[in-house]
Every structure is written in C-alpha cells, then in structure tokens.
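**Student:** File follows, run-v7.csv with CSV, C-alpha atoms:
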```csv
chain,number,residue,atom,x,y,z
A,1,MET,CA,-98.1,-2.8,49.4
A,2,SER,CA,-95.5,-3.3,46.7
A,3,ILE,CA,-96.6,-3.7,43.1
A,4,GLN,CA,-95.0,-7.2,43.2
A,5,ALA,CA,-97.2,-8.3,46.2
A,6,VAL,CA,-100.3,-6.9,44.6
A,7,LEU,CA,-99.7,-8.3,41.1
A,8,LEU,CA,-98.3,-11.8,42.1
A,9,PRO,CA,-101.8,-13.3,42.7
A,10,LEU,CA,-102.9,-11.9,39.4
A,11,PHE,CA,-99.9,-13.4,37.6
A,12,VAL,CA,-100.6,-16.8,39.1
A,13,GLU,CA,-104.2,-16.6,37.8
A,14,VAL,CA,-102.9,-15.6,34.4
A,15,ILE,CA,-100.5,-18.5,34.4
A,16,LEU,CA,-103.3,-20.9,35.3
A,17,THR,CA,-105.3,-19.6,32.4
A,18,PHE,CA,-102.5,-20.1,29.9
A,19,VAL,CA,-101.6,-23.6,31.3
A,20,LEU,CA,-105.2,-24.6,30.7
A,21,LEU,CA,-105.3,-23.0,27.3
A,22,TYR,CA,-102.2,-24.8,26.0
A,23,TRP,CA,-103.3,-28.1,27.7
A,24,MET,CA,-106.7,-27.9,26.0
A,25,ALA,CA,-105.1,-27.1,22.6
A,26,HIS,CA,-102.7,-30.0,23.0
A,27,LEU,CA,-105.5,-32.4,23.8
A,28,ARG,CA,-107.7,-31.2,21.0
A,29,THR,CA,-104.9,-31.3,18.4
A,30,SER,CA,-103.9,-34.8,19.6
A,31,ALA,CA,-107.6,-36.0,19.2
A,32,PHE,CA,-107.7,-34.7,15.7
A,33,ARG,CA,-104.4,-36.3,14.7
A,34,LYS,CA,-105.4,-39.6,16.1
A,35,GLY,CA,-108.7,-39.5,14.4
A,36,ASP,CA,-110.6,-39.7,17.7
A,37,ILE,CA,-112.8,-36.7,16.7
A,38,ASN,CA,-114.3,-35.3,13.5
A,39,ALA,CA,-113.9,-31.6,13.0
A,40,GLN,CA,-117.5,-31.2,12.0
A,41,ASP,CA,-118.7,-32.8,15.2
A,42,VAL,CA,-117.2,-30.0,17.3
A,43,ALA,CA,-117.4,-27.1,14.9
A,44,LEU,CA,-120.3,-25.4,16.7
A,45,ARG,CA,-119.3,-25.9,20.3
A,46,GLU,CA,-118.1,-28.1,23.1
A,47,PRO,CA,-120.6,-31.0,23.6
A,48,ASN,CA,-119.1,-33.5,21.3
A,49,TRP,CA,-115.5,-33.5,22.7
A,50,PRO,CA,-114.5,-36.6,24.6
A,51,PRO,CA,-115.2,-36.1,28.3
A,52,HIS,CA,-111.6,-35.4,29.5
A,53,ILE,CA,-111.0,-32.9,26.7
A,54,ALA,CA,-114.3,-31.2,27.5
A,55,GLN,CA,-113.3,-31.0,31.2
A,56,VAL,CA,-110.1,-29.2,30.4
A,57,GLY,CA,-111.9,-27.0,27.9
A,58,ASN,CA,-114.5,-26.1,30.5
A,59,ALA,CA,-111.8,-25.4,33.1
A,60,TYR,CA,-110.1,-23.0,30.6
A,61,HIS,CA,-113.4,-21.2,29.7
A,62,ASN,CA,-114.1,-20.8,33.4
A,63,GLN,CA,-110.9,-18.7,33.7
A,64,LEU,CA,-112.4,-16.3,31.2
A,65,GLU,CA,-115.4,-15.6,33.4
A,66,LEU,CA,-115.2,-14.7,37.1
A,67,PRO,CA,-111.4,-14.0,37.0
A,68,LEU,CA,-112.0,-11.1,34.7
A,69,LEU,CA,-113.6,-9.2,37.6
A,70,PHE,CA,-110.5,-10.1,39.7
A,71,TYR,CA,-108.2,-8.6,37.0
A,72,VAL,CA,-110.1,-5.4,36.8
A,73,LEU,CA,-110.3,-5.0,40.6
A,74,THR,CA,-106.6,-5.7,41.0
A,75,ILE,CA,-105.7,-2.9,38.5
A,76,LEU,CA,-108.3,-0.5,40.0
A,77,ALA,CA,-107.1,-1.2,43.5
A,78,TRP,CA,-103.5,-0.6,42.6
A,79,ILE,CA,-104.2,2.6,40.6
A,80,THR,CA,-106.3,4.1,43.4
A,81,ARG,CA,-103.9,3.0,46.1
A,82,HIS,CA,-106.4,0.8,47.8
A,83,ALA,CA,-104.4,-2.5,47.5
A,84,ASP,CA,-103.4,-3.0,51.1
A,85,LEU,CA,-102.6,-6.2,53.1
A,86,LEU,CA,-106.2,-7.2,53.4
A,87,PHE,CA,-106.6,-6.9,49.6
A,88,VAL,CA,-103.5,-9.1,49.0
A,89,VAL,CA,-104.6,-11.7,51.5
A,90,LEU,CA,-108.1,-11.9,49.9
A,91,ALA,CA,-106.5,-12.0,46.4
A,92,TRP,CA,-104.5,-15.0,47.4
A,93,ILE,CA,-107.6,-16.8,48.9
A,94,PHE,CA,-109.4,-16.1,45.6
A,95,VAL,CA,-106.5,-17.5,43.5
A,96,ALA,CA,-106.2,-20.5,45.8
A,97,ALA,CA,-109.9,-21.2,45.3
A,98,ARG,CA,-109.5,-20.9,41.6
A,99,LEU,CA,-106.6,-23.3,41.6
A,100,VAL,CA,-108.5,-25.9,43.6
A,101,HIS,CA,-111.6,-25.4,41.3
A,102,ALA,CA,-109.5,-25.9,38.2
A,103,TYR,CA,-107.7,-28.9,39.7
A,104,ILE,CA,-111.0,-30.6,40.6
A,105,HIS,CA,-112.4,-29.7,37.1
A,106,VAL,CA,-109.6,-31.4,35.3
A,107,THR,CA,-109.4,-34.5,37.5
A,108,ASP,CA,-112.5,-36.2,38.9
A,109,ASN,CA,-114.8,-33.2,38.2
A,110,ASN,CA,-116.8,-33.9,41.4
A,111,VAL,CA,-119.4,-31.1,41.4
A,112,ASN,CA,-119.9,-31.6,45.2
A,113,ARG,CA,-116.3,-30.6,45.7
A,114,ARG,CA,-115.9,-28.2,42.8
A,115,GLY,CA,-119.0,-26.2,43.8
A,116,PRO,CA,-117.7,-25.1,47.2
A,117,ALA,CA,-114.3,-24.1,45.6
A,118,PHE,CA,-116.1,-22.0,43.1
A,119,GLY,CA,-118.4,-20.6,45.8
A,120,LEU,CA,-115.5,-19.6,48.0
A,121,GLY,CA,-113.8,-17.8,45.2
A,122,ALA,CA,-117.0,-16.0,44.2
A,123,LEU,CA,-117.7,-15.0,47.8
A,124,VAL,CA,-114.1,-13.7,48.4
A,125,LEU,CA,-114.2,-11.7,45.1
A,126,THR,CA,-117.6,-10.2,46.1
A,127,ILE,CA,-116.2,-9.2,49.5
A,128,MET,CA,-113.1,-7.7,47.7
A,129,TRP,CA,-115.4,-5.6,45.5
A,130,LEU,CA,-117.6,-4.5,48.3
A,131,ILE,CA,-114.6,-3.4,50.4
A,132,PHE,CA,-113.2,-1.5,47.4
A,133,MET,CA,-116.5,0.2,46.6
A,134,ILE,CA,-117.1,1.3,50.2
A,135,ARG,CA,-113.6,2.7,50.5
A,136,ILE,CA,-113.9,4.5,47.2
A,137,LEU,CA,-117.4,5.9,47.8
A,138,LEU,CA,-116.6,6.9,51.4
A,139,GLY,CA,-113.1,8.2,50.6
A,140,ILE,CA,-111.3,5.9,53.1
```
Could you show the structure in this file as structure tokens?

**Tutor:**
Amino acid sequence: MSIQAVLLPLFVEVILTFVLLYWMAHLRTSAFRKGDINAQDVALREPNWPPHIAQVGNAYHNQLELPLLFYVLTILAWITRHADLLFVVLAWIFVAARLVHAYIHVTDNNVNRRGPAFGLGALVLTIMWLIFMIRILLGI
C-alpha cells in the first residue's frame, strides 16, 4: 500500500482531534468572556463547565486516549511493511467509528448510541493489533 493510503486515515483522525481542540478552546474562551463561568470554578477539572462545553471537552479528551494506540500501530505497520489492504480497510472503519462517536458526543450525547460507536472502534483496533502481533511474531 502507498504511504498516502496508509496515512490518510491517521490524518483524518488527527484533523478530528484538532477540530475538537479548537472548538473546545473557542467555547471555553467565549464562556469566560461572557462571564458565564468563573475561572476558579473550573480550575481543577471539567465538572463545572456548562454541559455543551463539557461535551465538546470530553469528545476532545477521548481523542487523546484510544486513538494513541491507532497512531502507534499505523506507524509500526508502515515501518515493518505490514500495512496492507486489510490494514487500511480496518483503519478506515476505526476512524469512521471515531467520527461517529465524536459526532454523537457533541450533539445529543446519547450513550446508547455513543457506546456502540466506541465499542466498534475499540473492537476494530483490537483486531488490528492482534493481526499485527500475529504477523510479526510468526514472521508472516
């Protein structure tokens, strides 16, 4: 597979992370400017942000968790030449699940819909890692 095909899903995931970061920063800055929130109320963590700002913040923080394993795997698979068509298809499924998860997180935040999106992404990433480990350990 070409480097572009392998890295494009990773780039989309990175773009999602930055979009959420800057959206969160904009919402927080606006809340401070409008006087909707006191800095001391949120100095030690998230729970005192208004709900929508907390939702976007949580969606951003989620991009710093499970996707890190995706980033590492993508680079390792490329370096070891194990990034084939199956890898790229699974990578796109993972990224699609993350996009759906983030969308649900910042809209209605319905856990009954968000959970399966998260679960699908986690399952696909687990499968990707298992395939990679087996191929590396067995030399295939």

**Student:** Do you know which residues are at most 9 Å from A:Leu99 counting all atoms listed in the file, after dropping those on the same chain fewer than 5 positions away, and could you put them as a count of residues only?

**Tutor:** 5

**Student:** Using all atoms listed in the file, what residues lie at most 9 Å away from (-112.8, -34.9, 30.5) (file coordinates), given as a ChimeraX atom specification?

**Tutor:** /A:49-58,105-109

**Student:** Which value, in Å to one decimal, gives the distance between atom CA of A:Arg135 and atom CA of A:Tyr71?

**Tutor:**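 Between atom CA of A:Arg135 and atom CA of A:Tyr71 the gap works out to 18.4 Å.
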
**Student:** Restricting the calculation to only C-alpha atoms: of A:Leu125, A:Leu86, A:Ile37, A:Ala77, which residue gets closest to A:Ile3?

**Tutor:**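 The shortest atom-to-atom distance to A:Ile3 comes from A:Ala77.
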
**Student:** Compare A:His82, A:His61, A:Arg113, A:Arg98 by their minimum atom-to-atom distance to A:Leu21, counting only C-alpha atoms, and give me the closest one.

**Tutor:** A:His61

**Student:** Write out as a list in words the residues lying within 12 Å of A:Leu85, counting only C-alpha atoms and excluding same-chain residues fewer than 5 positions away.

**Tutor:**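 Close residues of A:Leu85: Met1, Ser2, Ile3, Ala5, Val6, Ala77, Trp78, Leu90, Ala91, Trp92 and Met128 of chain A.
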
**Student:** Can you tell me how far atom CA of A:His26 sits from atom CA of A:Gly115, in Å to one decimal?

**Tutor:**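 Separation of atom CA of A:His26 and atom CA of A:Gly115: 26.7 Å.
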